[in-house]
Amino acid sequence: MQYDVIVIGSGPGGYVAAIRAAQLGLKTACIEKYSTFGGTCLNVGCIPSKALLDSSEHYHNAAHTFKTHGINLDNLSVDFGQMIKRKNEVVAQTTGGISFLFKKNRITSYQGHGSFVDKNTIKIKKTDGSEETITGKNVIIATGSKPSALPFIKIDKKRIITSTEALTLPEVPKHLILIGGGVIGLELGSVYARLGAKVSVIEFMDGIIPTMDKALGKELQKVLTKLGMEFYLGHKVTGATVKGKEVTVTFDNPKGEKQELKGDYCLVAVGRVAYTDGLGLENIGLTVEERGRKITVDEHLETSVKGVYAIGDVIRGAMLAHKAEDEGTLVAEQIAGQKPHINYNLIPGVVYTWPEVASVGYTEEQLKESGTKYKIGSFPFKASGRARASMDTDGFVKVLADTETDEILGVHMIGPRAADMIAEAVTAMEYRASAEDVSRMSHAHPTYTEAMREACLAATENRAIHI
Ligand SMILES: NC(=O)c1ccc[n+]([C@@H]2O[C@H](COP(=O)([O-])OP(=O)(O)OC[C@H]3O[C@@H](n4cnc5c(N)ncnc54)[C@H](O)[C@@H]3O)[C@@H](O)[C@H]2O)c1
C-alpha cells in the first residue's frame, strides 16, 4: 500500500500529525505497536494521572476542607479499586476517541511494531508474528519516550516502579519513596500523599521542579510539606534494594554522609529517554545522540534523510504532549506545502499538583543570566476574594516584564487552576502584549484570573489594587 504520509506512533504527536495530514487531503497511515492509540499520554501518562489526581483531590478535600465549608461526612474512606477502575474507564474513553477520529478522517491504522526497511518502506511486525510492508512518500517518527533508569537500581516493576506501575498499584502505599522531585514524582507523590501515604522525595538538585522559575519550586515545596510530604534536597541516591515487601533506598546527604529510608514502594522518576528501539534507523543511515538517545532534526523537523521527519519526545526540546502536538501539525502542514511556525519559547509547562504550577516564557534566572533588564509584578492568591471563597489561598502569579518596553517576558504562577490560567499569558505573549495591555483588559470578577491582571498591574507601575 502506498501512502503520502506514514506516522510511526500514535501518541499526541503522532495522532495529531496523522489527523492533520488527513485533513489536508494526504493519504495517511498510522502504525501503533500497542492495542490502543494515544501513546504514553493517553494510556499511562497525562490522562490517567490526572484522573487519579482529581479523585485523590476530592478525597483530600472531603477529609480536610469540607468541615470548614459546613459539610459533615461520616465514615469517609477510600475505595482505591474503584478509583483505579474509574481511571481505566477515562483512559478507555479517551483512547477510544482516537479510534473514532482515525475512522472519521479515513486514516488507515496498523497495529504492530514499525521499522524502516528503507526511507520509504516500513515493515510492520504484528503481535501474531506476521509481517506486512507499506510504503510512503513521507514518514514521521513519533515514537515518544520511556522512563529513564538509574544504572545502579533495578526496577522490578513491583516494589521499585516507574510512573507506569504507579498508576495501577494494588494498594495505597504506606511509605512511598520518590527518587526525583520533578513533574512525575510530585504529581504521583501528591496523589498518594492525599490518600494517606507517607511520601519522601529524594532530589539531586537543591530545589524541586528545578528547571522552572525558582520561586515556584520554593512555594510548591511549602505547600507539599503542609500536605505531609518530606523532602531530601541535594541528596544523591546510591542504591535501592527490595526484601519481601520492603524497599530500602540508600543515599548521601549534601555532606556526603550515608543515609537510608525504608518504605513499601519506591518510584523512580528521574526523567525520560527517547524511544527508538528496533526502529531500524541504521537502515536509513540515521543515528541517535548518545545522551538522551534523541534523533537530530533541522528547523523543519526533518532528519538528515529527506522525507523522514521526527517529532515530540524523540527530538530535542521539552518532553510535553502539547509540544509534540504542535510539531505534528507543523510537519503535516509542511508536507502539504504550507509554511507553519512554532514559537518554542511560548510552550507552557504545567505541574498538576494542587495548587497547580504553570509557567511560560523566560524564568527570572534566565533573564538574569542573559543580562536582560526586567521588572517583577507579583500577586498572592491570599489577596484574591475568589481564592478565599474556595479556600485556595496558597500561591501567587509572578509576571516578568521588560523594564523599558513593558513587554511580558515570562509568567510563572502557582495557584488554583493555574494550568488553565496560563493560557491567558500564552495568548498575551504570542501577541507581544505589555503588562499594561493585560492590566487594561477586563477580567471577570470574581475569578482567579484577576490575579494575572493584578500581577500585571503590579509590574506596570506598582499599581495593583488589592495589595
Ligand atoms: N504535567 C506535565 O506536563 C508532565 C507530567 C509528567 C511528565 N512530564 C514529562 O515527562 C518527563 C519526565 O518526568 P520526570 O518527572 O521523570 O522528569 P523531570 O526531568 O521533570 O524530573 C526529574 C527529576 O529527577 C531529578 N534527578 C535526576 N537524577 C536523580 C538522581 N539520581 N537522584 C535524585 N534525583 C534525580 C532531577 O534533578 C529532576 O528534578 C519530563 O520531561 C516531564 O516534562 C510532564
# chains A, B, ... in the order shown; residues from 1 in each chain; ligands from 1
call {"tool": "residues_near_ligand", "arguments": {"ligand": "ligand 1", "cutoff": "7 Å", "atoms": "only C-alpha atoms and all ligand atoms", "output": "PyMOL selection string"}}
result
chain A and resi 45-46+147+150+179-185+202-205+208-210+235-237+269-272+318-320+349-352
call {"tool": "select_by_dssp", "arguments": {"residues": "segment 128-304 of chain A", "states": "strand (DSSP E or B)", "output": "number ranges by chain"}}
result
A: 131-141, 145-147, 160-161, 175-179, 198-203, 230-233, 236-243, 246-252, 258-263, 265-268, 272-274, 288, 295, 302
call {"tool": "write_last_selection", "arguments": {"atoms": "C-alpha atoms", "output": "mmCIF file, in the first residue's frame"}}
result
data_model
loop_
_atom_site.group_PDB
_atom_site.id
_atom_site.type_symbol
_atom_site.label_atom_id
_atom_site.label_comp_id
_atom_site.auth_asym_id
_atom_site.auth_seq_id
_atom_site.Cartn_x
_atom_site.Cartn_y
_atom_site.Cartn_z
ATOM 1 C CA GLU A 131 4.666 -9.059 8.804
ATOM 2 C CA GLU A 132 3.329 -6.505 6.359
ATOM 3 C CA THR A 133 5.171 -3.877 4.364
ATOM 4 C CA ILE A 134 3.810 -0.479 3.396
ATOM 5 C CA THR A 135 5.395 2.406 1.532
ATOM 6 C CA GLY A 136 5.080 6.157 1.950
ATOM 7 C CA LYS A 137 6.439 9.326 0.338
ATOM 8 C CA ASN A 138 6.972 10.793 3.824
ATOM 9 C CA VAL A 139 7.487 9.138 7.202
ATOM 10 C CA ILE A 140 7.008 10.836 10.560
ATOM 11 C CA ILE A 141 8.735 9.221 13.548
ATOM 12 C CA SER A 145 9.945 8.160 25.188
ATOM 13 C CA LYS A 146 10.201 5.730 28.092
ATOM 14 C CA PRO A 147 11.183 6.271 31.744
ATOM 15 C CA ILE A 160 10.674 -0.372 42.645
ATOM 16 C CA ILE A 161 8.463 1.134 39.995
ATOM 17 C CA HIS A 175 5.523 4.869 52.621
ATOM 18 C CA LEU A 176 6.306 5.843 49.052
ATOM 19 C CA ILE A 177 9.883 6.919 48.399
ATOM 20 C CA LEU A 178 10.321 9.072 45.311
ATOM 21 C CA ILE A 179 13.627 9.337 43.518
ATOM 22 C CA LYS A 198 3.844 8.949 53.815
ATOM 23 C CA VAL A 199 5.781 10.327 50.845
ATOM 24 C CA SER A 200 9.511 11.102 50.868
ATOM 25 C CA VAL A 201 11.183 12.852 47.945
ATOM 26 C CA ILE A 202 14.902 12.460 47.301
ATOM 27 C CA GLU A 203 16.097 15.067 44.804
ATOM 28 C CA GLU A 230 9.141 15.119 53.172
ATOM 29 C CA PHE A 231 11.993 16.475 51.072
ATOM 30 C CA TYR A 232 15.643 15.451 50.927
ATOM 31 C CA LEU A 233 17.163 18.045 48.604
ATOM 32 C CA LYS A 236 22.425 11.693 45.936
ATOM 33 C CA VAL A 237 20.755 8.297 45.647
ATOM 34 C CA THR A 238 23.236 5.427 45.687
ATOM 35 C CA GLY A 239 21.014 2.364 45.607
ATOM 36 C CA ALA A 240 17.656 0.711 46.197
ATOM 37 C CA THR A 241 17.009 -2.884 47.161
ATOM 38 C CA VAL A 242 13.907 -4.969 47.776
ATOM 39 C CA LYS A 243 13.437 -7.549 50.514
ATOM 40 C CA GLU A 246 10.241 -3.611 51.936
ATOM 41 C CA VAL A 247 12.334 -1.290 49.789
ATOM 42 C CA THR A 248 15.496 0.275 51.201
ATOM 43 C CA VAL A 249 16.813 3.351 49.422
ATOM 44 C CA THR A 250 20.332 4.486 50.275
ATOM 45 C CA PHE A 251 21.603 7.992 49.583
ATOM 46 C CA ASP A 252 24.271 10.511 50.517
ATOM 47 C CA LYS A 258 25.271 7.896 54.176
ATOM 48 C CA GLN A 259 21.527 7.727 54.891
ATOM 49 C CA GLU A 260 18.727 5.302 54.166
ATOM 50 C CA LEU A 261 14.945 5.217 54.041
ATOM 51 C CA LYS A 262 12.710 2.191 54.211
ATOM 52 C CA GLY A 263 9.347 2.117 52.505
ATOM 53 C CA TYR A 265 7.289 1.292 47.279
ATOM 54 C CA CYS A 266 9.961 3.342 45.511
ATOM 55 C CA LEU A 267 9.061 5.351 42.409
ATOM 56 C CA VAL A 268 11.969 6.209 40.131
ATOM 57 C CA ARG A 272 12.561 10.066 30.328
ATOM 58 C CA VAL A 273 14.644 8.899 27.407
ATOM 59 C CA ALA A 274 13.697 8.892 23.712
ATOM 60 C CA VAL A 288 20.766 8.944 17.711
ATOM 61 C CA ILE A 295 17.018 11.946 16.818
ATOM 62 C CA GLU A 302 13.256 16.811 9.016
#
call {"tool": "residues_around", "arguments": {"residues": "His64 of chain A", "least_positions_apart": "5", "cutoff": "12 Å", "atoms": "only C-alpha atoms", "output": "PDB file with C-alpha atoms, in the first residue's frame"}}
result
ATOM      1  CA  SER A  56      -7.434  11.971  45.318  1.00  0.00           C
ATOM      2  CA  GLU A  57      -8.072  15.720  45.470  1.00  0.00           C
ATOM      3  CA  HIS A  58     -11.789  15.089  46.055  1.00  0.00           C
ATOM      4  CA  TYR A  59     -10.920  12.714  48.875  1.00  0.00           C
ATOM      5  CA  HIS A  69     -17.342  24.533  54.341  1.00  0.00           C
ATOM      6  CA  GLY A  70     -20.052  23.247  56.712  1.00  0.00           C
ATOM      7  CA  ILE A  71     -20.310  19.779  55.219  1.00  0.00           C
ATOM      8  CA  ASN A  72     -20.038  16.879  57.632  1.00  0.00           C
ATOM      9  CA  LEU A  73     -19.296  13.394  56.409  1.00  0.00           C
ATOM     10  CA  LEU A  76     -15.208   8.671  54.867  1.00  0.00           C
ATOM     11  CA  ARG A 194      -3.557  12.850  49.689  1.00  0.00           C
ATOM     12  CA  LEU A 195      -4.685   9.249  50.052  1.00  0.00           C
ATOM     13  CA  GLY A 196      -2.757   8.922  53.300  1.00  0.00           C
ATOM     14  CA  LEU A 227       0.394  18.049  52.819  1.00  0.00           C
ATOM     15  CA  MET A 391     -10.107  28.068  50.315  1.00  0.00           C
TER      16      MET A 391
END
call {"tool": "atom_distance", "arguments": {"atom1": "atom CA of Thr427 of chain A", "atom2": "atom CA of Val360 of chain A"}}
result
10.5 Å
call {"tool": "residues_around", "arguments": {"residues": "segment 80-88 of chain A", "least_positions_apart": "4", "cutoff": "10 Å", "atoms": "only C-alpha atoms", "output": "PDB file with N, CA and C atoms, in the first residue's frame"}}
result
ATOM      1  N   ASN A  43      -2.489   6.627  27.641  1.00  0.00           N
ATOM      2  CA  ASN A  43      -2.577   5.307  28.285  1.00  0.00           C
ATOM      3  C   ASN A  43      -1.947   5.248  29.673  1.00  0.00           C
ATOM      4  N   VAL A  44      -0.730   5.798  29.785  1.00  0.00           N
ATOM      5  CA  VAL A  44       0.000   5.645  31.062  1.00  0.00           C
ATOM      6  C   VAL A  44       0.690   6.956  31.480  1.00  0.00           C
ATOM      7  N   ILE A  47      -3.288  11.511  31.021  1.00  0.00           N
ATOM      8  CA  ILE A  47      -4.720  11.320  31.288  1.00  0.00           C
ATOM      9  C   ILE A  47      -4.973  10.466  32.543  1.00  0.00           C
ATOM     10  N   PRO A  48      -4.372   9.262  32.650  1.00  0.00           N
ATOM     11  CA  PRO A  48      -4.625   8.507  33.894  1.00  0.00           C
ATOM     12  C   PRO A  48      -4.117   9.227  35.142  1.00  0.00           C
ATOM     13  N   SER A  49      -2.990   9.940  35.035  1.00  0.00           N
ATOM     14  CA  SER A  49      -2.500  10.612  36.249  1.00  0.00           C
ATOM     15  C   SER A  49      -3.456  11.728  36.647  1.00  0.00           C
ATOM     16  N   LYS A  50      -4.033  12.414  35.660  1.00  0.00           N
ATOM     17  CA  LYS A  50      -4.995  13.478  36.008  1.00  0.00           C
ATOM     18  C   LYS A  50      -6.259  12.885  36.621  1.00  0.00           C
ATOM     19  N   ALA A  51      -6.665  11.719  36.129  1.00  0.00           N
ATOM     20  CA  ALA A  51      -7.853  11.075  36.714  1.00  0.00           C
ATOM     21  C   ALA A  51      -7.594  10.771  38.191  1.00  0.00           C
ATOM     22  N   LEU A  52      -6.417  10.223  38.496  1.00  0.00           N
ATOM     23  CA  LEU A  52      -6.109   9.902  39.904  1.00  0.00           C
ATOM     24  C   LEU A  52      -5.872  11.172  40.723  1.00  0.00           C
ATOM     25  N   LEU A  53      -5.301  12.191  40.089  1.00  0.00           N
ATOM     26  CA  LEU A  53      -5.109  13.462  40.813  1.00  0.00           C
ATOM     27  C   LEU A  53      -6.466  14.038  41.195  1.00  0.00           C
ATOM     28  N   ASP A  54      -7.414  13.997  40.271  1.00  0.00           N
ATOM     29  CA  ASP A  54      -8.744  14.549  40.584  1.00  0.00           C
ATOM     30  C   ASP A  54      -9.427  13.739  41.688  1.00  0.00           C
ATOM     31  N   SER A  55      -9.383  12.393  41.568  1.00  0.00           N
ATOM     32  CA  SER A  55     -10.037  11.564  42.591  1.00  0.00           C
ATOM     33  C   SER A  55      -9.422  11.810  43.967  1.00  0.00           C
ATOM     34  N   SER A  56      -8.091  11.822  44.009  1.00  0.00           N
ATOM     35  CA  SER A  56      -7.434  11.971  45.318  1.00  0.00           C
ATOM     36  C   SER A  56      -7.666  13.372  45.884  1.00  0.00           C
ATOM     37  N   ALA A  92      -9.927   4.430  28.690  1.00  0.00           N
ATOM     38  CA  ALA A  92     -10.576   3.702  27.592  1.00  0.00           C
ATOM     39  C   ALA A  92     -11.396   4.664  26.719  1.00  0.00           C
ATOM     40  N   GLN A  93     -12.127   5.586  27.373  1.00  0.00           N
ATOM     41  CA  GLN A  93     -12.927   6.539  26.591  1.00  0.00           C
ATOM     42  C   GLN A  93     -12.022   7.422  25.729  1.00  0.00           C
ATOM     43  N   THR A  94     -10.903   7.834  26.318  1.00  0.00           N
ATOM     44  CA  THR A  94     -10.027   8.775  25.612  1.00  0.00           C
ATOM     45  C   THR A  94      -9.306   8.093  24.455  1.00  0.00           C
ATOM     46  N   LEU A 167       0.516   3.977  38.373  1.00  0.00           N
ATOM     47  CA  LEU A 167      -0.873   4.263  38.004  1.00  0.00           C
ATOM     48  C   LEU A 167      -1.789   3.056  38.197  1.00  0.00           C
ATOM     49  N   THR A 168      -1.203   1.926  38.550  1.00  0.00           N
ATOM     50  CA  THR A 168      -2.030   0.712  38.708  1.00  0.00           C
ATOM     51  C   THR A 168      -1.600  -0.069  39.934  1.00  0.00           C
ATOM     52  N   LEU A 169      -1.219   0.611  40.984  1.00  0.00           N
ATOM     53  CA  LEU A 169      -0.785  -0.100  42.189  1.00  0.00           C
ATOM     54  C   LEU A 169      -1.965  -0.878  42.780  1.00  0.00           C
ATOM     55  N   PRO A 170      -1.683  -2.007  43.431  1.00  0.00           N
ATOM     56  CA  PRO A 170      -2.773  -2.780  44.028  1.00  0.00           C
ATOM     57  C   PRO A 170      -3.297  -2.162  45.325  1.00  0.00           C
ATOM     58  N   GLU A 171      -2.578  -1.193  45.883  1.00  0.00           N
ATOM     59  CA  GLU A 171      -2.961  -0.620  47.188  1.00  0.00           C
ATOM     60  C   GLU A 171      -2.346   0.772  47.317  1.00  0.00           C
ATOM     61  N   VAL A 172      -2.830   1.519  48.301  1.00  0.00           N
ATOM     62  CA  VAL A 172      -2.198   2.806  48.612  1.00  0.00           C
ATOM     63  C   VAL A 172      -0.940   2.493  49.423  1.00  0.00           C
ATOM     64  N   LEU A 195      -3.951  10.461  49.667  1.00  0.00           N
ATOM     65  CA  LEU A 195      -4.685   9.249  50.052  1.00  0.00           C
ATOM     66  C   LEU A 195      -4.153   8.652  51.348  1.00  0.00           C
TER      67      LEU A 195
END
